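*Asks:* Provided herewith: data-v6.tsv, TSV, C-alpha atoms and all ligand atoms.
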```tsv
chain	number	residue	atom	x	y	z
D	203	MET	CA	-18.47	-18.37	-4.94
D	204	LEU	CA	-16.41	-16.53	-2.30
D	205	THR	CA	-15.89	-12.78	-2.04
D	206	VAL	CA	-13.05	-10.97	-0.29
D	207	ARG	CA	-12.55	-7.23	0.25
D	208	ALA	CA	-8.90	-6.32	0.79
D	209	PRO	CA	-7.84	-2.77	1.68
D	210	ALA	CA	-5.41	-0.36	0.11
D	211	THR	CA	-2.21	0.06	2.09
D	212	SER	CA	0.49	2.63	2.58
D	213	ALA	CA	3.99	1.17	2.80
D	214	ASN	CA	7.24	2.59	4.20
D	215	LEU	CA	5.75	5.52	6.21
D	216	GLY	CA	9.06	7.29	5.51
D	217	SER	CA	11.39	5.71	8.06
D	218	GLY	CA	10.38	2.07	7.46
D	219	PHE	CA	11.36	1.40	3.85
D	220	ASP	CA	10.30	-2.15	2.86
D	221	VAL	CA	9.42	-2.82	6.53
D	222	PHE	CA	6.43	-0.71	7.68
D	223	GLY	CA	2.92	-0.70	6.28
D	224	VAL	CA	-0.60	0.24	7.30
D	225	ALA	CA	-4.01	-0.93	6.09
D	226	LEU	CA	-6.33	1.92	5.09
D	227	GLY	CA	-10.09	2.01	5.70
D	228	THR	CA	-10.65	3.02	2.05
D	229	PRO	CA	-10.28	2.36	-0.86
D	230	ALA	CA	-10.26	-1.45	-1.36
D	231	ASP	CA	-10.30	-4.19	-4.02
D	232	VAL	CA	-13.05	-6.83	-4.13
D	233	VAL	CA	-12.14	-10.25	-5.50
D	234	ARG	CA	-14.63	-13.07	-6.28
D	235	VAL	CA	-13.49	-16.64	-6.87
D	236	GLU	CA	-15.08	-19.88	-8.08
D	237	ARG	CA	-13.39	-23.24	-8.59
D	238	ALA	CA	-12.42	-23.85	-12.24
D	239	PRO	CA	-10.15	-26.27	-14.14
D	240	LYS	CA	-7.78	-23.44	-14.98
D	241	THR	CA	-7.30	-19.88	-13.79
D	242	THR	CA	-8.99	-17.07	-15.69
D	243	ILE	CA	-9.06	-13.44	-14.61
D	244	THR	CA	-11.34	-10.51	-15.40
D	245	VAL	CA	-10.66	-7.00	-14.12
D	246	THR	CA	-13.12	-4.10	-13.75
D	247	GLY	CA	-13.01	-0.79	-11.86
D	248	ALA	CA	-10.30	1.82	-11.21
D	249	GLY	CA	-7.51	1.69	-13.78
D	250	SER	CA	-8.62	-1.74	-14.99
D	251	LYS	CA	-7.57	-1.00	-18.56
D	252	TYR	CA	-3.92	-0.90	-17.37
D	253	ILE	CA	-4.11	-4.25	-15.62
D	254	PRO	CA	-3.34	-7.49	-17.50
D	255	GLU	CA	-5.91	-10.29	-17.37
D	256	ASN	CA	-3.28	-12.86	-18.33
D	257	PRO	CA	-2.72	-14.95	-15.14
D	258	ALA	CA	1.03	-15.00	-15.83
D	259	LYS	CA	1.11	-11.19	-15.55
D	260	ASN	CA	-1.48	-10.46	-12.85
D	261	THR	CA	-0.60	-10.66	-9.14
D	262	VAL	CA	-3.63	-12.86	-8.44
D	263	GLY	CA	-2.41	-15.36	-11.07
D	264	ALA	CA	0.84	-15.73	-9.09
D	265	VAL	CA	-1.16	-16.35	-5.91
D	266	ALA	CA	-3.42	-18.95	-7.57
D	267	LYS	CA	-0.31	-20.74	-8.83
D	268	ALA	CA	1.43	-20.64	-5.44
D	269	LEU	CA	-1.65	-22.09	-3.70
D	270	ASP	CA	-2.25	-24.59	-6.53
D	271	ALA	CA	-5.80	-23.22	-6.62
D	272	PRO	CA	-7.11	-22.72	-10.17
D	273	ALA	CA	-10.19	-20.52	-10.26
D	274	ARG	CA	-12.38	-18.16	-12.19
D	275	ILE	CA	-11.29	-14.88	-10.58
D	276	ARG	CA	-13.08	-11.54	-10.90
D	277	ILE	CA	-11.30	-8.45	-9.61
D	278	ASP	CA	-13.18	-5.22	-8.98
D	279	LYS	CA	-10.51	-2.59	-8.50
D	280	GLY	CA	-11.10	0.14	-5.95
D	281	VAL	CA	-7.38	0.85	-5.62
D	282	ARG	CA	-5.94	2.54	-8.70
D	283	PRO	CA	-2.75	0.87	-10.00
D	284	SER	CA	0.66	2.57	-9.76
D	285	SER	CA	-0.66	5.02	-7.18
D	286	GLY	CA	1.42	4.12	-4.13
D	287	LEU	CA	-1.54	2.63	-2.30
D	288	GLY	CA	-0.64	-1.03	-2.81
D	289	SER	CA	-3.03	-1.69	-5.67
D	290	SER	CA	-1.28	-4.85	-6.88
D	291	ALA	CA	-0.97	-6.02	-3.26
D	292	ALA	CA	-4.68	-5.50	-2.45
D	293	SER	CA	-5.69	-7.87	-5.26
D	294	ALA	CA	-3.02	-10.39	-4.23
D	295	ALA	CA	-4.07	-10.31	-0.56
D	296	ALA	CA	-7.75	-10.68	-1.46
D	297	ALA	CA	-7.00	-13.60	-3.79
D	298	ALA	CA	-4.82	-15.30	-1.16
D	299	VAL	CA	-7.62	-15.19	1.45
D	300	ALA	CA	-10.30	-16.20	-1.07
D	301	LEU	CA	-8.40	-19.11	-2.66
D	302	ASN	CA	-7.15	-20.38	0.71
D	303	ALA	CA	-10.80	-20.66	1.81
D	304	LEU	CA	-12.09	-21.94	-1.55
D	305	TYR	CA	-9.65	-24.88	-1.53
D	306	ASP	CA	-9.52	-25.36	2.27
D	307	ARG	CA	-5.76	-24.88	2.25
D	308	GLY	CA	-5.78	-24.04	5.97
D	309	ARG	CA	-3.07	-21.36	5.82
D	310	SER	CA	-3.06	-18.68	8.53
D	311	ARG	CA	-3.07	-15.01	7.53
D	312	GLU	CA	0.64	-14.83	8.48
D	313	GLU	CA	1.37	-17.84	6.25
D	314	LEU	CA	-0.42	-16.13	3.37
D	315	VAL	CA	1.96	-13.12	3.50
D	316	PRO	CA	4.85	-14.71	1.51
D	317	ILE	CA	2.32	-16.28	-0.88
D	318	ALA	CA	0.66	-12.94	-1.65
D	319	ALA	CA	4.13	-11.34	-1.92
D	320	LYS	CA	4.86	-13.60	-4.92
D	321	GLY	CA	2.49	-11.32	-6.84
D	322	GLU	CA	4.61	-8.30	-5.87
D	323	ALA	CA	7.74	-10.01	-7.20
D	324	LEU	CA	5.95	-10.36	-10.52
D	325	VAL	CA	5.21	-6.63	-10.89
D	326	SER	CA	8.02	-4.83	-9.07
D	327	GLY	CA	10.88	-7.31	-9.37
D	328	GLU	CA	11.09	-7.97	-5.61
D	329	ALA	CA	8.79	-9.84	-3.23
D	330	HIS	CA	8.51	-6.90	-0.82
D	331	ALA	CA	5.75	-7.80	1.66
D	332	ASP	CA	5.15	-4.40	3.26
D	333	ASN	CA	1.87	-3.92	1.33
D	334	VAL	CA	0.47	-7.47	1.39
D	335	ALA	CA	1.10	-7.86	5.14
D	336	PRO	CA	-1.15	-4.98	6.27
D	337	SER	CA	-3.72	-5.78	3.58
D	338	LEU	CA	-3.96	-9.33	5.00
D	339	LEU	CA	-3.59	-8.56	8.71
D	340	GLY	CA	-4.87	-5.00	9.11
D	341	GLY	CA	-3.44	-2.26	11.35
D	342	PHE	CA	0.28	-1.43	11.36
D	343	THR	CA	2.71	-4.14	10.31
D	344	VAL	CA	6.46	-4.60	10.59
D	345	VAL	CA	7.89	-7.05	8.05
D	346	THR	CA	11.36	-8.56	8.52
D	347	ASP	CA	13.11	-11.70	7.27
D	348	ASP	CA	11.83	-13.42	10.43
D	349	GLY	CA	8.14	-12.72	9.73
D	350	VAL	CA	5.51	-10.10	10.51
D	351	THR	CA	4.63	-8.23	13.69
D	352	GLN	CA	1.19	-6.62	13.72
D	353	VAL	CA	-0.38	-3.89	15.87
D	354	ASP	CA	-4.10	-3.04	15.76
D	355	ALA	CA	-3.48	0.68	15.31
D	356	SER	CA	-6.12	3.25	14.40
D	357	VAL	CA	-4.58	6.57	13.40
D	358	PRO	CA	-6.38	9.10	11.12
D	359	VAL	CA	-4.75	9.74	7.75
D	360	VAL	CA	-5.31	11.53	4.47
D	361	ALA	CA	-4.05	9.76	1.34
D	362	CYS	CA	-3.88	12.12	-1.63
D	363	LEU	CA	-3.58	10.60	-5.11
D	364	PRO	CA	-2.52	12.82	-8.01
D	365	GLU	CA	-3.54	11.99	-11.57
D	366	MET	CA	-0.13	10.62	-12.51
D	367	SER	CA	1.40	7.22	-12.15
D	368	VAL	CA	4.77	6.06	-10.87
D	369	SER	CA	5.59	2.39	-11.25
D	370	THR	CA	7.04	0.75	-8.17
D	371	ARG	CA	9.67	-0.90	-10.36
D	372	ASP	CA	10.87	2.54	-11.62
D	373	ALA	CA	10.75	4.09	-8.14
D	374	ARG	CA	12.90	1.26	-6.80
D	375	GLY	CA	15.45	2.13	-9.47
D	376	VAL	CA	16.23	5.57	-7.94
D	377	ILE	CA	17.03	4.30	-4.44
D	378	PRO	CA	20.63	4.77	-3.26
D	379	LYS	CA	22.62	1.56	-2.78
D	380	SER	CA	24.24	2.77	0.47
D	381	ALA	CA	23.72	5.53	3.05
D	382	PRO	CA	25.86	7.55	5.48
D	383	LEU	CA	25.84	6.12	9.02
D	384	GLU	CA	24.39	9.33	10.49
D	385	ASP	CA	21.35	9.07	8.16
D	386	VAL	CA	20.92	5.42	9.17
D	387	VAL	CA	21.07	6.38	12.87
D	388	ASP	CA	18.46	9.14	12.37
D	389	THR	CA	16.19	6.76	10.47
D	390	VAL	CA	16.40	4.06	13.15
D	391	GLY	CA	15.44	6.66	15.77
D	392	ASN	CA	12.51	7.86	13.68
D	393	ALA	CA	11.32	4.31	13.00
D	394	ALA	CA	11.38	3.52	16.71
D	395	THR	CA	9.43	6.72	17.49
D	396	LEU	CA	6.84	5.85	14.86
D	397	THR	CA	6.44	2.32	16.20
D	398	VAL	CA	5.80	3.58	19.73
D	399	GLY	CA	3.31	6.07	18.25
D	400	MET	CA	1.39	3.26	16.55
D	401	THR	CA	1.18	1.25	19.75
D	402	ARG	CA	-0.28	4.34	21.48
D	403	ASN	CA	-2.46	5.50	18.55
D	404	ASP	CA	-0.66	8.82	18.88
D	405	PRO	CA	-0.66	10.88	15.63
D	406	GLU	CA	1.99	13.26	17.01
D	407	LEU	CA	4.55	10.50	17.61
D	408	VAL	CA	3.70	8.72	14.36
D	409	GLY	CA	4.06	11.96	12.39
D	410	LYS	CA	7.35	12.81	14.10
D	411	GLY	CA	8.73	9.35	13.26
D	412	MET	CA	7.95	9.52	9.55
D	413	CYS	CA	11.10	11.47	8.55
D	414	ASP	CA	13.59	9.70	6.31
D	415	ASP	CA	16.65	11.20	4.61
D	416	ILE	CA	17.68	8.12	2.66
D	417	VAL	CA	14.95	6.83	0.29
D	418	THR	CA	12.21	9.48	0.31
D	419	PRO	CA	14.27	12.47	-0.99
D	420	GLU	CA	15.25	10.51	-4.11
D	421	ARG	CA	11.63	9.67	-4.85
D	422	THR	CA	9.99	13.05	-4.31
D	423	SER	CA	11.51	14.28	-7.58
D	424	LEU	CA	9.24	11.77	-9.38
D	425	ILE	CA	6.14	13.51	-7.93
D	426	ASP	CA	5.28	16.81	-9.58
D	427	GLY	CA	4.34	19.27	-6.77
D	428	TYR	CA	5.42	17.10	-3.83
D	429	GLU	CA	6.99	19.89	-1.72
D	430	ARG	CA	4.04	22.25	-2.24
D	431	VAL	CA	1.56	19.56	-1.21
D	432	ARG	CA	3.63	18.51	1.79
D	433	GLU	CA	3.89	22.08	3.06
D	434	ALA	CA	0.16	22.67	2.54
D	435	ALA	CA	-0.70	19.54	4.54
D	436	LEU	CA	1.63	20.49	7.39
D	437	GLU	CA	0.22	24.02	7.47
D	438	ALA	CA	-3.31	22.58	7.67
D	439	GLY	CA	-2.32	20.55	10.74
D	440	ALA	CA	-0.79	17.27	9.51
D	441	THR	CA	1.58	15.79	12.11
D	442	GLY	CA	3.67	14.10	9.42
D	443	VAL	CA	3.73	13.80	5.63
D	444	THR	CA	5.61	11.43	3.35
D	445	VAL	CA	5.45	9.56	0.06
D	446	SER	CA	2.94	6.71	0.21
D	447	GLY	CA	4.71	3.53	-0.88
D	448	ALA	CA	6.68	4.27	-4.03
D	449	GLY	CA	4.39	7.23	-4.83
D	450	PRO	CA	2.90	9.26	-6.41
D	451	GLY	CA	0.35	9.11	-3.57
D	452	ILE	CA	1.18	11.28	-0.55
D	453	LEU	CA	0.24	10.22	2.97
D	454	ALA	CA	-0.51	12.71	5.78
D	455	VAL	CA	-1.03	11.57	9.38
D	456	CYS	CA	-3.24	13.82	11.48
D	457	HIS	CA	-5.80	14.33	14.24
D	458	ARG	CA	-9.38	13.52	13.20
D	459	GLN	CA	-10.56	17.15	13.50
D	460	ASP	CA	-7.96	18.37	10.95
D	461	GLN	CA	-8.66	15.71	8.32
D	462	ARG	CA	-11.05	17.64	6.09
D	463	GLU	CA	-8.89	20.77	5.99
D	464	ILE	CA	-5.76	18.77	5.22
D	465	ALA	CA	-7.53	16.88	2.40
D	466	SER	CA	-8.66	20.08	0.72
D	467	ALA	CA	-5.27	21.79	1.24
D	468	MET	CA	-3.51	18.88	-0.49
D	469	VAL	CA	-5.92	18.79	-3.43
D	470	ASP	CA	-5.64	22.61	-3.81
D	471	ALA	CA	-1.84	22.43	-3.71
D	472	PHE	CA	-1.73	19.83	-6.49
D	473	ASP	CA	-4.29	21.90	-8.40
D	474	ALA	CA	-2.04	25.00	-8.13
D	475	GLY	CA	0.49	23.07	-10.23
D	476	GLY	CA	-2.14	21.97	-12.73
D	477	VAL	CA	-2.39	18.43	-11.37
D	478	GLU	CA	-5.77	16.89	-10.54
D	479	SER	CA	-5.95	14.73	-7.44
D	480	ARG	CA	-8.28	12.93	-5.08
D	481	ALA	CA	-7.92	12.73	-1.30
D	482	TYR	CA	-9.15	9.85	0.86
D	483	GLN	CA	-9.97	10.89	4.44
D	484	THR	CA	-9.57	7.59	6.23
D	485	ALA	CA	-7.73	5.84	9.06
D	486	VAL	CA	-5.54	2.84	9.70
D	487	GLY	CA	-8.07	0.01	9.63
D	488	GLU	CA	-8.88	-3.67	9.27
D	489	GLY	CA	-7.35	-6.26	6.95
D	490	ALA	CA	-8.94	-8.45	4.28
D	491	ARG	CA	-12.47	-9.60	5.03
D	492	LEU	CA	-14.00	-12.83	3.70
D	493	TYR	CA	-17.71	-12.97	2.76
D	494	ARG	CA	-19.07	-16.49	2.22
V	501	LIG	N1	-4.26	-7.29	-9.75
V	501	LIG	C1	-3.52	-6.23	-10.05
V	501	LIG	N2	-3.87	-5.01	-9.55
V	501	LIG	C2	-3.14	-3.91	-9.86
V	501	LIG	N3	-2.06	-3.91	-10.64
V	501	LIG	C3	-1.67	-5.09	-11.15
V	501	LIG	C4	-2.36	-6.29	-10.87
V	501	LIG	N4	-1.73	-7.30	-11.50
V	501	LIG	C5	-0.69	-6.76	-12.16
V	501	LIG	N5	-0.64	-5.41	-11.97
V	501	LIG	C6	0.37	-4.50	-12.51
V	501	LIG	O1	1.14	-3.98	-11.44
V	501	LIG	C7	1.54	-2.65	-11.71
V	501	LIG	C8	1.11	-1.79	-10.54
V	501	LIG	O2	1.80	-2.19	-9.43
V	501	LIG	P1	2.79	-1.19	-8.69
V	501	LIG	O3	3.65	-0.48	-9.72
V	501	LIG	O4	3.45	-1.97	-7.62
V	501	LIG	O5	1.82	-0.10	-8.10
V	501	LIG	P2	0.84	-0.19	-6.89
V	501	LIG	O6	1.45	0.67	-5.86
V	501	LIG	O7	-0.42	0.39	-7.37
V	501	LIG	O8	0.72	-1.63	-6.50
V	501	LIG	C9	0.85	-2.23	-12.99
V	501	LIG	O9	1.80	-2.38	-14.04
V	501	LIG	C10	-0.25	-3.25	-13.17
V	501	LIG	O10	-0.56	-3.53	-14.51
V	502	LIG	N1	8.45	-0.79	-0.12
V	502	LIG	C1	7.94	-0.65	-1.46
V	502	LIG	C2	6.48	-0.27	-1.38
V	502	LIG	C3	5.81	-0.03	-2.71
V	502	LIG	O1	4.48	0.35	-2.48
V	502	LIG	P1	3.47	0.68	-3.67
V	502	LIG	O2	2.17	0.90	-3.00
V	502	LIG	O3	3.98	1.89	-4.35
V	502	LIG	O4	3.47	-0.53	-4.57
V	502	LIG	C4	8.73	0.46	-2.16
V	502	LIG	O5	8.85	1.53	-1.58
V	502	LIG	O6	9.25	0.22	-3.26
```
Can the structure in the file be given as structure tokens, please?

*Replies:*
Amino acid sequence: MLTVRAPATSANLGSGFDVFGVALGTPADVVRVERAPKTTITVTGAGSKYIPENPAKNTVGAVAKALDAPARIRIDKGVRPSSGLGSSAASAAAAAVALNALYDRGRSREELVPIAAKGEALVSGEAHADNVAPSLLGGFTVVTDDGVTQVDASVPVVACLPEMSVSTRDARGVIPKSAPLEDVVDTVGNAATLTVGMTRNDPELVGKGMCDDIVTPERTSLIDGYERVREAALEAGATGVTVSGAGPGILAVCHRQDQREIASAMVDAFDAGGVESRAYQTAVGEGARLYR
């Protein structure tokens, strides 16, 4: 039996829609695999009752099929589904690493990115790889049609998850089909600033580069209390705040010493609107880890 822990991720970071992603230190999914004549899946843990065990509907089933690696697969969910923290991607990344090792397929982590992304196509309609890439490779990742670029960044963050769910498929439905050139120019500038910030582990530059006037504004309306929580986090010292992935999670970048205050300010701000939430005080961290 092989075990893999694959981390939650936060995609987009505002200015990098479908391109940027970071691996988070916590939470994570743990996937165990054993060779079997056909693939079976069991799911336990956070939100497991909302996750199908049918291999044709679970992201890990798509990965097992793509690697031609039938297995008995057990998923222990640490990452709640439909939260904006790459829950479906964490399972897919873990399964890709585990099944690649179980069947000696010899694929590199980079080669596993499009394979794990097949799971994302199953649940959100598109094989966006901005969650599976950081979950597989760790750090900060930039995904383009030409492949993945990875930076071993380590920036402190707070990821606040309200007790509501937004499906990635639905949140992709509200995105505008085109954007004014001036918004595109601003976004390119912000994305470049953020990228430099990641290479320097500089929370100020990363936070400054998170602004996006194209995709994020359309999605914040799906998150009850977003503006209040964003303002509370900024007031408590966050250097940048945006929607995590497709939401409803909200990601704040910060200096380590402000983390605790930001976490409690975000939870209190959701609470003021009658919404329960949980905040992870973590940092950009490592990718999937294999335990033999
Ligand atoms: N292994 C899995 N882990 C989590 N969700 C899964 C998995 N397989 C299929 N799903 C489905 O994917 C959807 C959640 O994915 P998505 O909407 O992209 O949110 P998230 O940001 O949490 O990945 C849910 O409908 C869930 O049932
Ligand atoms: N780029 C995707 C990312 C979705 O992330 P998730 O964690 O919400 O699944 C998008 O913004 O649609």

*Asks:* Taking all atoms listed in the file into account, produce a table as JSON lines in which each residue of chain D with an atom at most 7 Å from an atom of ligand LIG 502 (chain V) appears once, together with its shortest atom pair and the distance in Å to one decimal, ordered by chain and rising number.

*Replies:*
```
{"residue": "D:Thr211", "atom": "CA", "partner": "V:LIG502", "partner_atom": "O2", "distance": 6.8}
{"residue": "D:Ser212", "atom": "CA", "partner": "V:LIG502", "partner_atom": "O2", "distance": 6.1}
{"residue": "D:Ala213", "atom": "CA", "partner": "V:LIG502", "partner_atom": "C2", "distance": 5.1}
{"residue": "D:Asn214", "atom": "CA", "partner": "V:LIG502", "partner_atom": "N1", "distance": 5.6}
{"residue": "D:Phe219", "atom": "CA", "partner": "V:LIG502", "partner_atom": "N1", "distance": 5.4}
{"residue": "D:Asp220", "atom": "CA", "partner": "V:LIG502", "partner_atom": "N1", "distance": 3.8}
{"residue": "D:Ser284", "atom": "CA", "partner": "V:LIG502", "partner_atom": "O3", "distance": 6.4}
{"residue": "D:Ser285", "atom": "CA", "partner": "V:LIG502", "partner_atom": "O3", "distance": 6.3}
{"residue": "D:Gly286", "atom": "CA", "partner": "V:LIG502", "partner_atom": "O3", "distance": 3.4}
{"residue": "D:Leu287", "atom": "CA", "partner": "V:LIG502", "partner_atom": "O2", "distance": 4.2}
{"residue": "D:Gly288", "atom": "CA", "partner": "V:LIG502", "partner_atom": "O2", "distance": 3.4}
{"residue": "D:Ser289", "atom": "CA", "partner": "V:LIG502", "partner_atom": "O2", "distance": 6.4}
{"residue": "D:Ser290", "atom": "CA", "partner": "V:LIG502", "partner_atom": "O4", "distance": 6.8}
{"residue": "D:His330", "atom": "CA", "partner": "V:LIG502", "partner_atom": "N1", "distance": 6.2}
{"residue": "D:Asp332", "atom": "CA", "partner": "V:LIG502", "partner_atom": "N1", "distance": 5.9}
{"residue": "D:Asn333", "atom": "CA", "partner": "V:LIG502", "partner_atom": "O1", "distance": 6.3}
{"residue": "D:Thr370", "atom": "CA", "partner": "V:LIG502", "partner_atom": "O3", "distance": 5.0}
{"residue": "D:Ala373", "atom": "CA", "partner": "V:LIG502", "partner_atom": "O6", "distance": 6.4}
{"residue": "D:Arg374", "atom": "CA", "partner": "V:LIG502", "partner_atom": "O6", "distance": 5.2}
{"residue": "D:Ser446", "atom": "CA", "partner": "V:LIG502", "partner_atom": "O2", "distance": 6.7}
{"residue": "D:Gly447", "atom": "CA", "partner": "V:LIG502", "partner_atom": "O1", "distance": 3.6}
{"residue": "D:Ala448", "atom": "CA", "partner": "V:LIG502", "partner_atom": "O3", "distance": 3.6}
{"residue": "D:Gly449", "atom": "CA", "partner": "V:LIG502", "partner_atom": "O3", "distance": 5.4}
```

*Asks:* Work out how far CA of Arg311 (chain D) is from CA of Gln352 (chain D), in Å to one decimal.

*Replies:*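 Distance between the two atoms: 11.3 Å.
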
*Asks:* For CA of Val299 (chain D) and CA of Asn256 (chain D), quote the distance in Å rounded to one decimal.

*Replies:*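 Between CA of Val299 (chain D) and CA of Asn256 (chain D) the gap works out to 20.4 Å.
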
*Asks:* Which is closer to Gly451 (chain D) than all the others in D:Pro405, D:Pro364, D:Gly489, D:Pro336, using only C-alpha atoms?

*Replies:*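 That would be D:Pro364, the residue with the smallest distance to Gly451 (chain D).
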
*Asks:* In the coordinates of the file, take the point (20.8, 1.6, -1.5) and a cut-off of 12 Å; then, counting all atoms listed in the file, name each qualifying protein, DNA or RNA residue as a PDB file with C-alpha atoms, in the frame of the given file.

*Replies:*
```
ATOM      1  CA  PHE D 219      11.360   1.400   3.850  1.00  0.00           C
ATOM      2  CA  ASP D 220      10.300  -2.150   2.860  1.00  0.00           C
ATOM      3  CA  ARG D 374      12.900   1.260  -6.800  1.00  0.00           C
ATOM      4  CA  GLY D 375      15.450   2.130  -9.470  1.00  0.00           C
ATOM      5  CA  VAL D 376      16.230   5.570  -7.940  1.00  0.00           C
ATOM      6  CA  ILE D 377      17.030   4.300  -4.440  1.00  0.00           C
ATOM      7  CA  PRO D 378      20.630   4.770  -3.260  1.00  0.00           C
ATOM      8  CA  LYS D 379      22.620   1.560  -2.780  1.00  0.00           C
ATOM      9  CA  SER D 380      24.240   2.770   0.470  1.00  0.00           C
ATOM     10  CA  ALA D 381      23.720   5.530   3.050  1.00  0.00           C
ATOM     11  CA  PRO D 382      25.860   7.550   5.480  1.00  0.00           C
ATOM     12  CA  VAL D 386      20.920   5.420   9.170  1.00  0.00           C
ATOM     13  CA  ILE D 416      17.680   8.120   2.660  1.00  0.00           C
ATOM     14  CA  VAL D 417      14.950   6.830   0.290  1.00  0.00           C
ATOM     15  CA  THR D 418      12.210   9.480   0.310  1.00  0.00           C
ATOM     16  CA  GLU D 420      15.250  10.510  -4.110  1.00  0.00           C
TER      17      GLU D 420
END
```

*Asks:* Which residue, D:Val360, D:Val221, D:Val233, D:Ala471, has the smallest gap to ligand LIG 501 (chain V) when you use only C-alpha atoms and all ligand atoms?

*Replies:*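 Ranking D:Val360, D:Val221, D:Val233, D:Ala471 by distance to ligand LIG 501 (chain V), first place goes to D:Val233.
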
*Asks:* Which residues come within 12 Å of Lys410 (chain D), counting all atoms listed in the file, excluding same-chain residues fewer than 3 positions away, as an MDAnalysis selection string?

*Replies:* chainID D and resid 215:217 388:389 391:400 404:407 413:414 436 440:444 454:456

*Asks:* If you count all atoms listed in the file, which residues end up within 8 Å of ligand LIG 501 (chain V), as a PyMOL selection string?

*Replies:* chain D and resi 245+250+252-255+259-262+277+279+281-294+321-322+324-326+368-371+447-449

*Asks:* Rounded to one decimal, what separation in Å do you get between CA of Met412 (chain D) and CA of Thr351 (chain D)?

*Replies:*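 The value is 18.5 Å.
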
*Asks:* Can you work out which one of D:Met366, D:Leu226, D:Ala210, D:Tyr493 has the shortest atom-to-atom distance to Ala295 (chain D), counting all atoms listed in the file?

*Replies:*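 Under the stated criterion, the closest residue is D:Ala210.
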
*Asks:* With a distance cut-off of 9 Å and all atoms listed in the file, select the neighbouring residues of Ala300 (chain D), excluding the residue or stretch itself and same-chain residues fewer than 2 positions from it, and output the selection as a PyMOL selection string.

*Replies:* chain D and resi 204-206+233-235+295-298+302-305+492-493

*Asks:* Could you tell me which of D:Ala438, D:Asp415, D:Val353, D:Thr228 comes closest to Arg402 (chain D) if we count only C-alpha atoms?

*Replies:*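 That would be D:Val353, the residue with the smallest distance to Arg402 (chain D).
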
*Asks:* Calculated over only C-alpha atoms, which of the candidates D:Gly487, D:Val477, D:Ala361, D:Arg421 has the smallest distance to Ala465 (chain D)?

*Replies:*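 That would be D:Ala361, the residue with the smallest distance to Ala465 (chain D).
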
*Asks:* Counting all atoms listed in the file, which residues have an atom no more than 12 Å from (-10.4, 19.7, 8.4) in the file's coordinates? Please list them as an mmCIF file with C-alpha atoms, in the frame of the given file.

*Replies:*
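Saved to out_38.cif:
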```cif
data_model
loop_
_atom_site.group_PDB
_atom_site.id
_atom_site.type_symbol
_atom_site.label_atom_id
_atom_site.label_comp_id
_atom_site.auth_asym_id
_atom_site.auth_seq_id
_atom_site.Cartn_x
_atom_site.Cartn_y
_atom_site.Cartn_z
ATOM 1 C CA PRO D 358 -6.380 9.100 11.120
ATOM 2 C CA VAL D 359 -4.750 9.740 7.750
ATOM 3 C CA VAL D 360 -5.310 11.530 4.470
ATOM 4 C CA ALA D 435 -0.700 19.540 4.540
ATOM 5 C CA GLU D 437 0.220 24.020 7.470
ATOM 6 C CA ALA D 438 -3.310 22.580 7.670
ATOM 7 C CA GLY D 439 -2.320 20.550 10.740
ATOM 8 C CA ALA D 440 -0.790 17.270 9.510
ATOM 9 C CA CYS D 456 -3.240 13.820 11.480
ATOM 10 C CA HIS D 457 -5.800 14.330 14.240
ATOM 11 C CA ARG D 458 -9.380 13.520 13.200
ATOM 12 C CA GLN D 459 -10.560 17.150 13.500
ATOM 13 C CA ASP D 460 -7.960 18.370 10.950
ATOM 14 C CA GLN D 461 -8.660 15.710 8.320
ATOM 15 C CA ARG D 462 -11.050 17.640 6.090
ATOM 16 C CA GLU D 463 -8.890 20.770 5.990
ATOM 17 C CA ILE D 464 -5.760 18.770 5.220
ATOM 18 C CA ALA D 465 -7.530 16.880 2.400
ATOM 19 C CA SER D 466 -8.660 20.080 0.720
ATOM 20 C CA ALA D 467 -5.270 21.790 1.240
ATOM 21 C CA MET D 468 -3.510 18.880 -0.490
ATOM 22 C CA GLN D 483 -9.970 10.890 4.440
#
```

*Asks:* Which is closest to Ala230 (chain D) among D:Leu453, D:Met203, D:Ala248, D:Ala258, if we use all atoms listed in the file?

*Replies:*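 Result for the nearest residue to Ala230 (chain D): D:Ala248.
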
*Asks:* Pop region 283-302 of chain D out of the structure in the block and write C-alpha atoms as an mmCIF file, in the first residue's frame.

*Replies:*
```
data_model
loop_
_atom_site.group_PDB
_atom_site.id
_atom_site.type_symbol
_atom_site.label_atom_id
_atom_site.label_comp_id
_atom_site.auth_asym_id
_atom_site.auth_seq_id
_atom_site.Cartn_x
_atom_site.Cartn_y
_atom_site.Cartn_z
ATOM 1 C CA PRO D 283 -15.144 20.292 -1.292
ATOM 2 C CA SER D 284 -16.460 23.393 -3.088
ATOM 3 C CA SER D 285 -14.495 25.659 -0.767
ATOM 4 C CA GLY D 286 -12.067 27.315 -3.175
ATOM 5 C CA LEU D 287 -9.080 25.473 -1.756
ATOM 6 C CA GLY D 288 -8.669 22.954 -4.566
ATOM 7 C CA SER D 289 -10.359 20.043 -2.831
ATOM 8 C CA SER D 290 -10.988 18.038 -6.000
ATOM 9 C CA ALA D 291 -7.435 18.831 -7.164
ATOM 10 C CA ALA D 292 -5.779 17.702 -3.905
ATOM 11 C CA SER D 293 -7.289 14.218 -4.274
ATOM 12 C CA ALA D 294 -6.356 14.103 -7.965
ATOM 13 C CA ALA D 295 -2.759 15.177 -7.306
ATOM 14 C CA ALA D 296 -2.375 12.665 -4.482
ATOM 15 C CA ALA D 297 -3.799 9.864 -6.629
ATOM 16 C CA ALA D 298 -1.532 10.786 -9.554
ATOM 17 C CA VAL D 299 1.610 10.560 -7.387
ATOM 18 C CA ALA D 300 0.436 7.388 -5.629
ATOM 19 C CA LEU D 301 -0.657 5.476 -8.759
ATOM 20 C CA ASN D 302 2.417 6.577 -10.726
#
```
